[in-house]
$ cat run-v4.cif   # mmCIF, C-alpha atoms and all ligand atoms
data_coords
loop_
_atom_site.label_atom_id
_atom_site.label_comp_id
_atom_site.auth_asym_id
_atom_site.auth_seq_id
_atom_site.Cartn_x
_atom_site.Cartn_y
_atom_site.Cartn_z
CA MET A 1 68.74 24.00 161.11
CA HIS A 2 70.46 27.10 162.43
CA GLU A 3 70.89 28.18 158.82
CA MET A 4 67.09 28.47 158.70
CA SER A 5 66.85 30.79 161.68
CA ILE A 6 69.76 32.76 160.27
CA ALA A 7 68.05 32.99 156.88
CA LEU A 8 64.93 34.33 158.60
CA SER A 9 66.92 36.96 160.45
CA ILE A 10 68.62 38.05 157.23
CA ILE A 11 65.26 38.43 155.55
CA GLU A 12 63.91 40.39 158.47
CA ALA A 13 66.90 42.74 158.37
CA VAL A 14 66.82 43.31 154.60
CA GLU A 15 63.05 43.80 154.54
CA GLU A 16 63.31 46.37 157.29
CA LYS A 17 65.98 48.26 155.36
CA ALA A 18 64.12 47.98 152.06
CA ARG A 19 60.93 49.31 153.60
CA GLU A 20 62.84 52.19 155.14
CA GLU A 21 64.06 53.01 151.63
CA GLY A 22 60.56 52.72 150.20
CA ALA A 23 61.39 49.72 148.03
CA GLY A 24 58.76 47.49 146.47
CA LYS A 25 61.11 44.65 145.91
CA ILE A 26 64.54 43.36 146.83
CA SER A 27 66.30 41.99 143.78
CA GLY A 28 69.67 41.16 145.33
CA VAL A 29 71.30 40.49 148.67
CA ASP A 30 75.09 40.45 149.06
CA LEU A 31 76.54 38.61 152.01
CA VAL A 32 80.06 38.23 153.31
CA ILE A 33 80.60 34.84 154.93
CA GLY A 34 84.18 34.26 156.04
CA LYS A 35 85.58 30.80 155.32
CA ILE A 36 85.91 30.08 159.03
CA SER A 37 82.75 31.74 160.30
CA GLY A 38 81.03 28.43 160.96
CA ILE A 39 78.30 29.16 158.41
CA GLU A 40 77.72 26.85 155.46
CA PRO A 41 76.90 29.12 152.46
CA GLU A 42 75.22 26.35 150.46
CA SER A 43 72.75 25.38 153.14
CA LEU A 44 72.15 29.04 153.91
CA LYS A 45 71.26 29.67 150.24
CA PHE A 46 68.87 26.76 150.33
CA CYS A 47 67.17 28.04 153.47
CA PHE A 48 67.13 31.59 152.16
CA SER A 49 65.02 30.75 149.13
CA ALA A 50 62.55 28.86 151.31
CA ALA A 51 62.42 31.60 153.93
CA ALA A 52 62.03 34.37 151.34
CA LYS A 53 58.69 33.10 150.02
CA GLY A 54 56.05 35.78 150.32
CA THR A 55 58.50 38.50 151.37
CA LEU A 56 60.02 41.47 149.53
CA ALA A 57 63.07 39.28 149.01
CA GLU A 58 61.13 36.51 147.27
CA ASP A 59 63.01 36.92 143.98
CA ALA A 60 66.26 38.19 145.42
CA VAL A 61 69.50 36.76 144.10
CA LEU A 62 71.79 35.86 146.96
CA MET A 63 75.47 36.56 146.33
CA VAL A 64 78.06 35.36 148.79
CA GLU A 65 81.62 36.59 149.08
CA GLU A 66 83.81 34.21 151.09
CA PRO A 67 87.00 35.83 152.39
CA GLU A 68 89.82 33.43 153.22
CA GLY A 69 91.02 33.01 156.77
CA THR A 70 94.10 34.97 157.82
CA GLY A 71 95.95 34.53 161.10
CA GLU A 72 98.42 36.81 162.81
CA CYS A 73 101.04 35.42 165.15
CA GLY A 74 100.98 36.97 168.63
CA ASP A 75 104.67 36.20 169.08
CA CYS A 76 106.44 37.04 165.83
CA GLY A 77 103.76 39.09 164.07
CA MET A 78 103.75 37.00 160.89
CA ARG A 79 100.53 36.91 158.84
CA PHE A 80 99.56 33.70 157.05
CA PRO A 81 96.52 31.90 155.63
CA VAL A 82 94.54 29.70 158.02
CA THR A 83 91.87 27.18 157.22
CA PHE A 84 90.69 26.84 160.77
CA TYR A 85 91.15 27.95 164.31
CA TYR A 86 93.78 25.39 165.13
CA ALA A 87 96.44 27.38 163.42
CA GLU A 88 100.11 27.23 164.23
CA CYS A 89 102.46 30.01 163.17
CA PRO A 90 104.55 28.68 160.27
CA GLY A 91 107.32 31.10 161.27
CA CYS A 92 107.85 30.33 164.95
CA ARG A 93 105.43 27.45 165.74
CA SER A 94 103.55 29.58 168.25
CA LEU A 95 99.89 28.72 168.92
CA ARG A 96 99.11 32.28 169.97
CA VAL A 97 97.45 33.05 166.69
CA LYS A 98 94.84 35.74 166.29
CA ILE A 99 92.34 35.42 163.47
CA VAL A 100 92.31 38.70 161.55
CA SER A 101 89.97 37.74 158.74
CA GLY A 102 87.70 34.88 157.73
CA GLU A 103 85.24 35.17 160.64
CA GLU A 104 83.05 37.81 158.94
CA PHE A 105 79.34 37.24 158.68
CA LEU A 106 77.78 40.37 157.21
CA ILE A 107 74.95 41.63 155.10
CA GLN A 108 77.07 43.75 152.81
CA SER A 109 74.42 45.39 150.65
CA ILE A 110 71.03 44.96 149.04
CA THR A 111 69.73 45.90 145.62
CA ILE A 112 66.21 47.29 145.65
CA GLU A 113 63.61 48.27 143.11
CA GLU A 114 61.11 50.96 143.86
CA MET B 1 49.09 25.32 165.21
CA CYS B 2 50.17 24.90 168.81
CA ASP B 3 49.02 21.54 170.22
CA THR B 4 48.75 22.75 173.77
CA CYS B 5 46.69 25.86 173.41
CA GLY B 6 45.34 25.57 169.90
CA CYS B 7 46.60 28.98 168.95
CA SER B 8 47.89 29.86 165.54
CA SER B 9 51.45 30.16 166.76
CA ASP B 10 53.53 28.03 164.47
CA GLY B 11 56.79 26.57 165.73
CA GLY B 12 58.89 28.87 167.84
CA ALA B 13 60.02 28.34 171.39
CA VAL B 14 57.72 27.78 174.35
CA LEU B 15 58.48 28.35 178.04
CA ARG B 16 57.30 25.76 180.57
CA LYS B 17 57.62 25.28 184.31
CA PRO B 18 57.92 22.00 186.20
CA GLY B 19 54.81 21.11 188.15
CA GLU B 20 52.71 23.79 186.42
CA SER B 21 51.12 21.92 183.57
CA ASP B 22 48.99 24.86 182.42
CA TYR B 23 51.89 27.31 182.37
CA HIS B 24 52.82 27.86 178.75
CA VAL B 25 54.35 30.98 177.19
CA HIS B 26 55.18 31.43 173.53
CA VAL B 27 58.44 33.21 172.89
CA SER B 28 57.96 35.47 169.95
CA GLU B 29 59.05 38.80 168.68
CA GLY B 30 56.11 40.95 169.68
CA ALA B 31 55.22 39.31 172.99
CA HIS B 32 55.70 42.35 175.17
CA GLY B 33 55.64 42.37 178.89
CA HIS B 34 54.77 39.53 181.15
CA ALA B 35 53.00 36.61 179.80
CA HIS B 36 49.91 35.34 181.42
CA THR B 37 49.36 31.70 180.90
CA HIS B 38 50.21 32.28 177.31
CA SER B 39 50.81 35.31 175.24
CA HIS B 40 50.99 35.78 171.52
CA SER B 41 52.75 38.17 169.31
CA GLY B 42 50.27 38.34 166.51
CA GLU B 43 53.17 37.54 164.23
CA GLU B 44 50.78 36.79 161.34
CA LEU B 45 49.07 40.17 161.53
CA HIS B 46 52.44 41.73 161.62
CA ALA B 47 53.55 39.95 158.50
CA GLU B 48 50.45 41.04 156.63
CA ASP B 49 51.03 44.64 157.56
CA HIS B 50 54.37 44.50 155.93
CA HIS B 51 52.99 43.46 152.60
CA HIS B 52 50.92 46.58 152.28
CA GLU B 53 54.03 48.60 152.15
CA GLY B 54 54.88 47.45 148.68
CA HIS B 55 53.62 50.70 147.20
CA HIS B 56 54.59 53.84 148.92
CA ASP B 57 53.72 57.43 148.49
CA HIS B 58 56.32 60.13 148.38
CA GLY B 59 54.13 62.54 150.29
CA ASP B 60 54.60 65.25 147.73
CA GLY B 61 52.75 62.93 145.38
CA SER B 62 54.79 64.25 142.51
CA HIS B 63 56.62 61.34 140.99
CA HIS B 64 56.60 57.61 140.80
CA HIS B 65 59.82 56.07 139.59
CA GLU B 66 58.78 52.67 138.42
CA GLY B 67 61.54 50.11 138.43
CA ALA B 68 64.35 52.35 139.64
CA VAL B 69 67.11 50.09 140.89
CA ARG B 70 69.39 51.10 143.73
CA LYS B 71 72.10 49.43 145.71
CA ILE B 72 72.16 50.11 149.43
CA VAL B 73 75.17 49.33 151.60
CA LEU B 74 74.36 47.84 155.01
CA GLU B 75 77.58 46.26 156.28
CA GLN B 76 75.51 44.85 159.10
CA ASP B 77 76.38 41.81 161.17
CA VAL B 78 73.86 39.09 160.37
CA LEU B 79 73.59 38.21 164.03
CA GLN B 80 73.35 41.87 165.01
CA LYS B 81 69.85 41.59 166.39
CA ASN B 82 70.77 38.66 168.58
CA ASN B 83 73.98 40.37 169.63
CA LEU B 84 72.17 43.57 170.62
CA LEU B 85 69.63 41.68 172.65
CA ALA B 86 72.40 39.63 174.26
CA GLU B 87 74.07 42.89 175.28
CA ARG B 88 70.81 44.02 176.84
CA ASN B 89 70.64 40.77 178.79
CA ARG B 90 74.25 41.24 179.80
CA GLY B 91 73.53 44.76 181.06
CA TYR B 92 70.64 43.47 183.14
CA PHE B 93 72.79 40.70 184.61
CA GLU B 94 75.58 43.10 185.41
CA ALA B 95 73.24 45.56 187.07
CA LYS B 96 71.90 42.82 189.33
CA ASN B 97 75.32 41.24 189.72
CA ILE B 98 74.10 37.92 188.36
CA PHE B 99 76.88 35.64 187.15
CA VAL B 100 75.69 33.72 184.11
CA LEU B 101 77.13 30.50 182.68
CA ASN B 102 76.08 29.08 179.32
CA PHE B 103 76.63 25.28 179.24
CA LEU B 104 77.20 23.78 175.81
CA SER B 105 77.75 20.16 174.75
CA SER B 106 76.61 17.31 172.55
CA PRO B 107 73.52 15.50 173.81
CA GLY B 108 74.33 13.39 176.84
CA SER B 109 77.77 14.72 177.83
CA GLY B 110 76.47 15.39 181.32
CA LYS B 111 75.29 19.02 181.47
CA THR B 112 72.24 18.34 183.64
CA SER B 113 74.12 15.79 185.79
CA LEU B 114 76.83 18.38 186.43
CA LEU B 115 74.25 20.97 187.46
CA GLU B 116 72.54 18.47 189.76
CA LYS B 117 75.86 17.85 191.44
CA ILE B 118 77.18 21.40 191.80
CA ILE B 119 73.98 23.30 192.58
CA PRO B 120 73.47 21.90 196.09
CA LEU B 121 77.05 22.97 196.87
CA MET B 122 76.81 26.40 195.24
CA GLN B 123 73.46 27.10 196.83
CA GLN B 124 75.06 27.28 200.25
CA ARG B 125 76.96 30.35 199.09
CA PHE B 126 74.82 32.01 196.41
CA PRO B 127 71.22 31.86 195.22
CA VAL B 128 71.10 29.75 192.04
CA ALA B 129 68.61 29.70 189.17
CA VAL B 130 68.56 27.61 186.00
CA ILE B 131 67.27 27.97 182.44
CA GLU B 132 66.96 24.62 180.68
CA GLY B 133 66.98 24.39 176.87
CA ASP B 134 65.74 21.31 175.03
CA GLN B 135 63.73 20.79 171.88
CA GLN B 136 61.04 18.90 173.81
CA THR B 137 60.07 17.79 177.35
CA THR B 138 60.56 19.35 180.76
CA ASN B 139 62.66 16.36 181.93
CA ASP B 140 65.76 18.40 182.66
CA ALA B 141 63.83 21.21 184.36
CA ASP B 142 62.07 18.56 186.47
CA ARG B 143 65.45 17.20 187.58
CA ILE B 144 66.60 20.70 188.58
CA HIS B 145 63.25 21.54 190.19
CA ALA B 146 63.77 18.54 192.47
CA LEU B 147 66.75 20.39 193.97
CA GLY B 148 64.45 23.19 195.04
CA VAL B 149 65.90 25.90 192.82
CA GLU B 150 64.18 28.40 190.55
CA VAL B 151 64.04 26.87 187.06
CA ILE B 152 62.32 27.38 183.72
CA GLN B 153 62.32 25.17 180.65
CA ILE B 154 62.64 26.56 177.14
CA ASN B 155 61.38 24.10 174.54
CA THR B 156 62.79 25.20 171.21
CA GLY B 157 60.64 22.86 169.11
CA SER B 158 62.53 22.41 165.87
CA GLY B 159 65.17 24.95 166.93
CA CYS B 160 68.61 23.59 167.71
CA HIS B 161 69.95 26.35 169.96
CA LEU B 162 68.89 28.99 172.46
CA ASP B 163 69.01 32.62 171.40
CA ALA B 164 69.11 35.90 173.28
CA LEU B 165 65.38 36.53 172.82
CA MET B 166 64.41 33.23 174.43
CA VAL B 167 66.67 33.96 177.37
CA ASN B 168 65.32 37.49 177.63
CA ARG B 169 61.76 36.14 177.90
CA ALA B 170 62.72 33.33 180.25
CA VAL B 171 64.48 35.74 182.58
CA ARG B 172 61.28 37.78 182.94
CA GLU B 173 59.50 34.65 184.08
CA LEU B 174 62.10 33.88 186.73
CA ASP B 175 62.46 35.51 190.08
CA LEU B 176 66.19 36.23 189.86
CA GLN B 177 67.93 37.54 192.95
CA ASP B 178 70.76 40.05 193.09
CA ASN B 179 74.25 38.58 193.56
CA SER B 180 73.23 35.18 192.26
CA LEU B 181 74.34 32.50 189.83
CA LEU B 182 72.30 31.71 186.71
CA CYS B 183 73.11 28.51 184.81
CA ILE B 184 71.79 28.18 181.27
CA GLU B 185 71.82 24.66 179.82
CA ASN B 186 71.80 25.06 176.05
CA VAL B 187 70.27 22.56 173.63
CA GLY B 188 72.56 19.52 173.23
CA ASN B 189 74.39 20.42 170.02
CA LEU B 190 78.02 21.28 169.33
CA VAL B 191 77.35 23.43 166.30
CA CYS B 192 75.09 26.42 166.39
CA PRO B 193 74.78 27.29 170.09
CA ALA B 194 78.31 28.63 169.54
CA LEU B 195 77.00 31.37 167.24
CA PHE B 196 74.36 32.79 169.55
CA ASP B 197 75.47 35.04 172.38
CA LEU B 198 72.93 34.91 175.20
CA GLY B 199 74.47 37.59 177.39
CA GLU B 200 76.37 35.12 179.57
CA ALA B 201 79.60 35.88 181.40
CA LEU B 202 81.23 32.62 180.37
CA LYS B 203 80.61 29.79 177.95
CA VAL B 204 81.35 26.33 179.37
CA VAL B 205 81.75 23.51 176.86
CA ILE B 206 81.50 19.95 178.18
CA ILE B 207 82.77 16.88 176.39
CA SER B 208 82.84 13.35 177.70
CA VAL B 209 85.43 10.65 177.20
CA THR B 210 83.02 8.53 175.16
CA GLU B 211 82.99 11.14 172.40
CA GLY B 212 86.49 10.90 170.96
CA ASP B 213 89.54 13.05 171.63
CA ASP B 214 89.31 14.78 168.24
CA LYS B 215 86.03 16.55 169.11
CA PRO B 216 87.73 19.97 169.43
CA LEU B 217 89.08 19.64 165.89
CA LYS B 218 85.79 18.43 164.45
CA TYR B 219 83.73 21.19 166.07
CA PRO B 220 86.27 23.99 166.41
CA THR B 221 83.85 26.92 166.50
CA ILE B 222 82.34 25.98 169.84
CA PHE B 223 85.76 25.37 171.43
CA HIS B 224 87.00 28.62 169.97
CA GLU B 225 84.10 30.52 171.54
CA ALA B 226 84.22 28.78 174.93
CA ASP B 227 85.96 30.11 178.02
CA ILE B 228 86.03 26.82 179.91
CA CYS B 229 86.21 23.23 178.76
CA ILE B 230 85.19 20.44 181.12
CA LEU B 231 86.12 16.89 180.21
CA ASN B 232 83.52 14.69 181.92
CA LYS B 233 83.10 10.97 182.64
CA ILE B 234 86.78 10.39 183.41
CA ASP B 235 85.61 7.43 185.53
CA LEU B 236 85.13 5.67 182.18
CA LEU B 237 88.70 6.20 180.97
CA PRO B 238 89.75 2.58 181.71
CA TYR B 239 87.06 1.33 179.33
CA VAL B 240 87.44 3.62 176.34
CA GLU B 241 90.21 4.62 174.01
CA PHE B 242 90.58 8.28 174.78
CA ASP B 243 93.82 10.22 175.01
CA VAL B 244 93.24 13.00 177.54
CA ALA B 245 96.50 14.80 176.80
CA LYS B 246 95.79 14.72 173.07
CA CYS B 247 92.25 16.01 173.56
CA ARG B 248 93.51 18.84 175.71
CA GLU B 249 96.16 19.71 173.15
CA ASN B 250 93.55 19.73 170.38
CA ALA B 251 91.33 22.02 172.44
CA MET B 252 94.23 24.37 173.18
CA ARG B 253 95.08 24.53 169.49
CA VAL B 254 91.63 25.82 168.74
CA ASN B 255 91.63 28.23 171.68
CA HIS B 256 94.74 28.93 173.70
CA HIS B 257 92.77 30.87 176.34
CA LEU B 258 90.64 27.88 177.27
CA GLU B 259 90.50 26.90 180.96
CA TRP B 260 90.63 23.12 181.13
CA PHE B 261 89.13 20.84 183.80
CA GLU B 262 88.81 17.05 184.07
CA VAL B 263 85.95 15.66 186.13
CA SER B 264 83.70 12.73 186.79
CA VAL B 265 80.27 13.90 187.79
CA LYS B 266 79.57 10.31 188.78
CA SER B 267 82.48 9.74 191.17
CA GLY B 268 82.96 13.40 192.05
CA GLU B 269 86.61 13.35 190.99
CA GLY B 270 87.92 16.74 189.90
CA LEU B 271 84.76 18.62 190.84
CA ALA B 272 86.36 20.38 193.81
CA VAL B 273 88.99 21.93 191.54
CA TRP B 274 86.46 23.34 189.12
CA LEU B 275 84.17 24.53 191.90
CA GLU B 276 87.01 26.31 193.60
CA TRP B 277 87.85 28.07 190.34
CA LEU B 278 84.20 28.99 189.82
CA GLU B 279 83.78 30.37 193.33
CA LYS B 280 86.83 32.57 192.85
CA ARG B 281 85.32 33.96 189.68
CA LEU B 282 81.98 34.52 191.36
CA VAL B 283 83.49 36.40 194.25
CA ARG B 284 85.65 38.52 191.99
CA HIS B 285 82.69 39.17 189.73
N1 LIG A 301 79.85 7.15 183.85
C1 LIG A 301 79.44 8.40 183.91
N2 LIG A 301 78.21 8.75 183.43
C2 LIG A 301 77.82 10.03 183.50
C3 LIG A 301 78.66 11.04 184.04
N3 LIG A 301 78.00 12.22 183.97
C4 LIG A 301 76.81 11.96 183.39
N4 LIG A 301 76.68 10.64 183.11
C5 LIG A 301 75.55 9.97 182.46
O1 LIG A 301 75.40 10.45 181.14
C6 LIG A 301 74.02 10.45 180.78
C7 LIG A 301 73.58 11.79 180.23
O2 LIG A 301 73.71 12.78 181.24
P1 LIG A 301 72.88 14.15 181.22
O3 LIG A 301 73.34 14.91 182.40
O4 LIG A 301 71.44 13.91 181.07
O5 LIG A 301 73.45 14.78 179.89
P2 LIG A 301 73.04 16.17 179.18
O6 LIG A 301 74.28 16.74 178.61
O7 LIG A 301 72.29 17.01 180.14
O8 LIG A 301 72.11 15.64 178.02
P3 LIG A 301 71.04 16.47 177.11
O9 LIG A 301 70.36 17.46 178.00
O10 LIG A 301 70.14 15.42 176.61
O11 LIG A 301 71.86 17.11 176.02
C8 LIG A 301 73.25 10.03 182.02
O12 LIG A 301 72.94 8.67 181.92
C9 LIG A 301 74.24 10.30 183.13
O13 LIG A 301 74.03 9.45 184.23
C10 LIG A 301 79.95 10.65 184.56
O14 LIG A 301 80.75 11.45 185.06
N5 LIG A 301 80.28 9.34 184.44
MG MG A 302 70.41 17.93 179.90
ZN ZN A 303 70.75 26.14 165.84
ZN ZN A 304 105.07 33.36 164.94
ZN ZN A 305 50.63 27.39 172.61
ZN ZN A 306 48.10 29.90 172.43
#
$ encode --input "run-v4.cif" --output "structure tokens"
Amino acid sequence: MHEMSIALSIIEAVEEKAREEGAGKISGVDLVIGKISGIEPESLKFCFSAAAKGTLAEDAVLMVEEPEGTGECGDCGMRFPVTFYYAECPGCRSLRVKIVSGEEFLIQSITIEE
Amino acid sequence: MCDTCGCSSDGGAVLRKPGESDYHVHVSEGAHGHAHTHSHSGEELHAEDHHHEGHHDHGDGSHHHEGAVRKIVLEQDVLQKNNLLAERNRGYFEAKNIFVLNFLSSPGSGKTSLLEKIIPLMQQRFPVAVIEGDQQTTNDADRIHALGVEVIQINTGSGCHLDALMVNRAVRELDLQDNSLLCIENVGNLVCPALFDLGEALKVVIISVTEGDDKPLKYPTIFHEADICILNKIDLLPYVEFDVAKCRENAMRVNHHLEWFEVSVKSGEGLAVWLEWLEKRLVRH
């Protein structure tokens, strides 16, 4: 269900921007949803098409880029792929791992028609 | 349509107060200022307005580029609006020196029971107020109201989490004192309340021993976002298969900054330790 409220807030944000730019229609929305952001892209897409009915984004194609998770060890500095927060440094076994990518949740760009 | 007032407001959160059956405020975007018994945003009107903007005029009236396609870069956080509003809440809380805790858990882990237990103790030192979040009913707010503290219920309807706007509206309806403690009980759900900053100082996640010691691995986001984890219902440990050390280790794997407490709200075990910690934070705050 939170995907629905998120879809609505995306539509609100892109409509606001499109109107600012004097667009008549939004034909594409590009999102960045990191693999470990806690957002499920498939259910978001589903909610997006429902939420977009009757808005400038009604026919918009939703594209999602999903960056992989990357962790950085706070002890030895090593960088390595992570699939979730419970990462352990493969170099030194430290649990002091900072997530440096994969948590993104952005509206990257929109494509508009005037 | 809203069942209570018959207005056109569809879905969306509603504020209620225990013992005031005609008090009823819709939380919505445009509801400015203080609500009377109920206020409305005129969301529908708003939406219609937007549709008129399909065609625009360049002012100079010179050209009309039909079908010109452009790409516009936003690079904007999807939750930006919530985050900005949460920061506004946070600024308000800081200015009034109100210490705010956001309690998160699955349904039934003991959030309300914990509040019922600690509030009478905290109240001797600081004024306390509570915001209760549930999809329906004022049951939890009624339980808190019985303690004689300021409380408001947010009913989220179909919504599964509180957001910064709901808290912003609820706060206006409360008489919050300076140098006080505000406890926000989020909707029972281990998933999305993690994503929505409310402006709190700390997030407190509660799990109980009947839920399985792998909870932190199954719902890592919420444990990752939390500042404090309270393991509740330890009085039941003899009857369930639950490895406390393992659970703690799992939680620490997800978030190595997590402060960990073990309590039984029922027997009172462990509560003194967590209260002492909390009081220290409140004084330092
Ligand atoms: N045995 C035992 N039961 C507890 C303890 N704490 C709470 N309970 C019981 O757990 C049940 C749920 O407690 P609540 O405090 O209503 O839980 P909650 O997290 O507020 O639930 P929701 O608001 O519905 O999400 C009640 O029956 C409580 O009596 C405890 O420490 N030990
Ligand atoms: Mg409760
Ligand atoms: Zn939600
Ligand atoms: Zn390392
Ligand atoms: Zn109503
Ligand atoms: Zn109404």
$ residues_near_ligand --input "run-v4.cif" --ligand "ligand MG 302 (chain A)" --cutoff "12 Å" --atoms "all atoms listed in the file" --output "ChimeraX atom specification"
/B:103-116,130-144,153-154,183-189,206
$ interface_residues --input "run-v4.cif" --of "chain A" --to "chain B" --cutoff "9 Å" --atoms "only C-alpha atoms" --output "count of residues only"
47
$ residues_around --input "run-v4.cif" --residues "Gly102 (chain A)" --least-positions-apart "4" --cutoff "10 Å" --atoms "all atoms listed in the file" --output "ChimeraX atom specification"
/A:32-38,66-71,81-84
$ atom_distance --input "run-v4.cif" --atom1 "atom C5 of ligand LIG 301 (chain A)" --atom2 "CA of Asp243 (chain B)"
19.7 Å
$ residues_around --input "run-v4.cif" --residues "Val244 (chain B)" --least-positions-apart "5" --cutoff "9 Å" --atoms "all atoms listed in the file" --output "ChimeraX atom specification"
/B:209,213,231,237,249,262
$ atom_distance --input "run-v4.cif" --atom1 "CA of Val283 (chain B)" --atom2 "CA of Cys229 (chain B)"
20.5 Å
$ closest_residue --input "run-v4.cif" --among "A:Ala52, A:Val61, A:Met4, A:Cys76" --to "ligand ZN 303 (chain A)" --atoms "all atoms listed in the file"
A:Met4
$ closest_residue --input "run-v4.cif" --among "B:Arg284, B:His24, B:Lys117, B:Lys215" --to "ligand LIG 301 (chain A)" --atoms "only C-alpha atoms and all ligand atoms"
B:Lys117
$ residues_near_point --input "run-v4.cif" --point "(72.9, 32.0, 190.6)" --cutoff "8 Å" --atoms "only C-alpha atoms" --output "number ranges by chain"
B: 98-100, 123, 126-130, 176-177, 179-183
$ residues_near_ligand --input "run-v4.cif" --ligand "ligand ZN 304 (chain A)" --cutoff "9 Å" --atoms "all atoms listed in the file" --output "PyMOL selection string"
chain A and resi 72-79+88-97
$ atom_distance --input "run-v4.cif" --atom1 "CA of Gly12 (chain B)" --atom2 "CA of Ser49 (chain A)"
19.8 Å
$ axis_aligned_box --input "run-v4.cif" --around "region 232-244 of chain B" --padding-each-side "4 Å" --output "lines of an AutoDock Vina configuration file"
center_x = 88.5
center_y = 8.0
center_z = 179.8
size_x = 18.7
size_y = 21.4
size_z = 19.5
$ closest_residue --input "run-v4.cif" --among "A:Val100, A:Ile11, A:Leu44, A:Ile39" --to "Glu58 (chain A)" --atoms "all atoms listed in the file"
A:Ile11
$ residues_around --input "run-v4.cif" --residues "region 83-97 of chain B" --least-positions-apart "6" --cutoff "7 Å" --atoms "all atoms listed in the file" --output "PyMOL selection string"
chain B and resi 164-165+168+178-180+197-200
$ residues_around --input "run-v4.cif" --residues "Thr210 (chain B)" --least-positions-apart "2" --cutoff "8 Å" --atoms "all atoms listed in the file" --output "list in words"
Ser208, Gly212, Lys233, Leu236, Val240 and Phe242 of chain B
$ decode --input "run-v4.cif" --residues "region 12-16 of chain B" --atoms "all heavy atoms" --output "PDB file, in the first residue's frame"
ATOM      1  N   GLY B  12      -7.930   9.134   2.853  1.00  0.00           N
ATOM      2  CA  GLY B  12      -7.141  10.118   3.566  1.00  0.00           C
ATOM      3  C   GLY B  12      -7.313   9.966   5.058  1.00  0.00           C
ATOM      4  O   GLY B  12      -8.256   9.359   5.537  1.00  0.00           O
ATOM      5  N   ALA B  13      -6.383  10.542   5.791  1.00  0.00           N
ATOM      6  CA  ALA B  13      -6.383  10.367   7.238  1.00  0.00           C
ATOM      7  C   ALA B  13      -7.346  11.324   7.922  1.00  0.00           C
ATOM      8  O   ALA B  13      -7.644  12.395   7.420  1.00  0.00           O
ATOM      9  CB  ALA B  13      -4.970  10.583   7.761  1.00  0.00           C
ATOM     10  N   VAL B  14      -7.837  10.902   9.078  1.00  0.00           N
ATOM     11  CA  VAL B  14      -8.757  11.705   9.879  1.00  0.00           C
ATOM     12  C   VAL B  14      -8.221  11.765  11.310  1.00  0.00           C
ATOM     13  O   VAL B  14      -7.737  10.765  11.837  1.00  0.00           O
ATOM     14  CB  VAL B  14     -10.164  11.060   9.874  1.00  0.00           C
ATOM     15  CG1 VAL B  14     -11.108  11.804  10.798  1.00  0.00           C
ATOM     16  CG2 VAL B  14     -10.738  11.022   8.462  1.00  0.00           C
ATOM     17  N   LEU B  15      -8.289  12.944  11.914  1.00  0.00           N
ATOM     18  CA  LEU B  15      -7.890  13.080  13.322  1.00  0.00           C
ATOM     19  C   LEU B  15      -9.120  12.945  14.206  1.00  0.00           C
ATOM     20  O   LEU B  15     -10.179  13.469  13.883  1.00  0.00           O
ATOM     21  CB  LEU B  15      -7.258  14.454  13.571  1.00  0.00           C
ATOM     22  CG  LEU B  15      -6.106  14.889  12.675  1.00  0.00           C
ATOM     23  CD1 LEU B  15      -5.608  16.270  13.101  1.00  0.00           C
ATOM     24  CD2 LEU B  15      -4.972  13.879  12.733  1.00  0.00           C
ATOM     25  N   ARG B  16      -8.965  12.231  15.325  1.00  0.00           N
ATOM     26  CA  ARG B  16     -10.058  12.098  16.291  1.00  0.00           C
ATOM     27  C   ARG B  16      -9.512  12.284  17.694  1.00  0.00           C
ATOM     28  O   ARG B  16      -8.326  12.085  17.941  1.00  0.00           O
ATOM     29  CB  ARG B  16     -10.692  10.702  16.201  1.00  0.00           C
ATOM     30  CG  ARG B  16     -11.338  10.407  14.861  1.00  0.00           C
ATOM     31  CD  ARG B  16     -11.955   9.007  14.869  1.00  0.00           C
ATOM     32  NE  ARG B  16     -12.079   8.488  13.513  1.00  0.00           N
ATOM     33  CZ  ARG B  16     -13.103   8.760  12.700  1.00  0.00           C
ATOM     34  NH1 ARG B  16     -14.094   9.518  13.110  1.00  0.00           N
ATOM     35  NH2 ARG B  16     -13.123   8.267  11.472  1.00  0.00           N
TER      36      ARG B  16
END
